[in-house]
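The structure appears right after this line, and notes come after that.
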Amino acid sequence: MKVKKRYHLKKKEVKRIKAGLGEYSNLIPEKAVVEFLEAEPYPLILVDGEPLIMLVNNRPFPTLKGALKTSIKFNCVVVDMGAVKFLANGADVMSPGIVDADPNIEKGDLVIVVDEKYKKPITIGVSLIDGASMVKNKKGKAVKNIHYIGDRIWNLEI
């Protein structure tokens with residue numbers, strides 16, 4: 001992963017990012033060292049040296065490492081265990097593999113995809129359809145995969 005810039009964020013900027021994270025704002029503890037990392041494909045927010053937050057279209061959202069450090073409260077999609085190996089290789093999420101989804105998900109939302117058995121995050125993606133349709137549909141793509149276990153963001157070492 002190519003890093004263009006890296007710098008510490010001002011308190012005002014950290015406050016803005018925490019507000020944008022909403023329910024996931026606990027990813028940035030009070031005394032944490034928070035840095036901005038301009039990288040491809042998405043800018044990252046390092047919290048105490050770990051890439052816990054990514055900025056997608058300037059919207060902060062947890063990375064998989066961030067999702068592992070918090071309880072997943074919203075924008076969650078649950079897939080069956082048969083889908084896990086494909087998602088871990090970067091595949092998009094197909095509707096037939098989805099067993100449950102947050103009904104409040106709208107097209108274009110960032111989502112965390114977890115497995116059915118352990119409820120562990122596997123991928124972060126952009127929803128292509130709403131949450132109710134994800135469960136109802138029996139064919140087609142439901143989530144575009146943008147970050148998965150084993151990709152450049154996951155393996156980032158600072």
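Every chain in the structure tokens has a letter given in the order shown (A, B, ...), and although residue numbers restart at 1 in each chain, ligands are simply numbered from 1 in the order shown.
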
I'd like to know which residues of stretch 6-138 of chain A are strand (DSSP E or B) (by DSSP, run on the backbone); could you write them as a ChimeraX atom specification? /A:6-8,34-39,44-47,50-56,59-62,76-79,93-94,98-101,110-115,121-127

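Those residues of chain A that DSSP, working from the backbone, places in alpha helix (DSSP H) are Lys11, Lys12, Glu13, Val14, Lys15, Arg16, Ile17, Lys18, Ala19, Gly20, Leu21, Leu64, Lys65, Gly66, Ala67, Leu68, Met81, Gly82, Ala83, Val84, Lys85, Phe86, Leu87, Gly131, Ala132, Ser133, Met134, Val135 and Lys136 of chain A.
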
Option closest in space to A:Tyr118, from A:Pro29, A:Ser133, A:Asp102, A:Leu68 [counting only C-alpha atoms]: A:Leu68

Excluding A:His8 and its own-chain neighbours fewer than 5 positions away, which residues fall within 12 Å of it when counting only C-alpha atoms? Please give them as a list in words.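 Those residues are Glu13, Val14, Ala32, Val33, Val34, Glu35, Phe36, Leu37, Glu38, Leu44, Ile45, Leu46, Val47, Asp48 and Gly49 of chain A.
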
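Here atom CA of A:Phe61 stands at a distance of 26.2 Å from atom CA of A:Asn137.
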
With only C-alpha atoms as the counted atoms, please give the residues lying no more than 10 Å from A:Asn58, apart from itself and same-chain residues fewer than 3 positions off, as JSON, numbers by chain. {"A": [17, 20, 42, 43, 54, 55, 61]}

Judged by only C-alpha atoms, the minimum distance to A:Val56 among A:His147, A:Arg16, A:Lys117, A:Lys138 is found for A:His147

Residue neighbourhood A:Val79, 10 Å, only C-alpha atoms, exclusion window fewer than 6 positions, as a ChimeraX atom specification: /A:87,93-101,113-117,119,122,135

Separation of atom CA of A:Asp80 from atom CA of A:Pro62 in Å: 22.1 Å

Residues near A:Ser71, anyone? I mean within 12 Å using only C-alpha atoms, not counting same-chain ones fewer than 6 positions away, as an MDAnalysis selection string. chainID A and resid 23:27 62 64:65 112 114 119:121

Can you work out which one of A:Lys139, A:Lys107, A:Lys18, A:Lys12 has the shortest atom-to-atom distance to A:Arg59, counting only C-alpha atoms?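 Selected residue with least distance to A:Arg59: A:Lys18.
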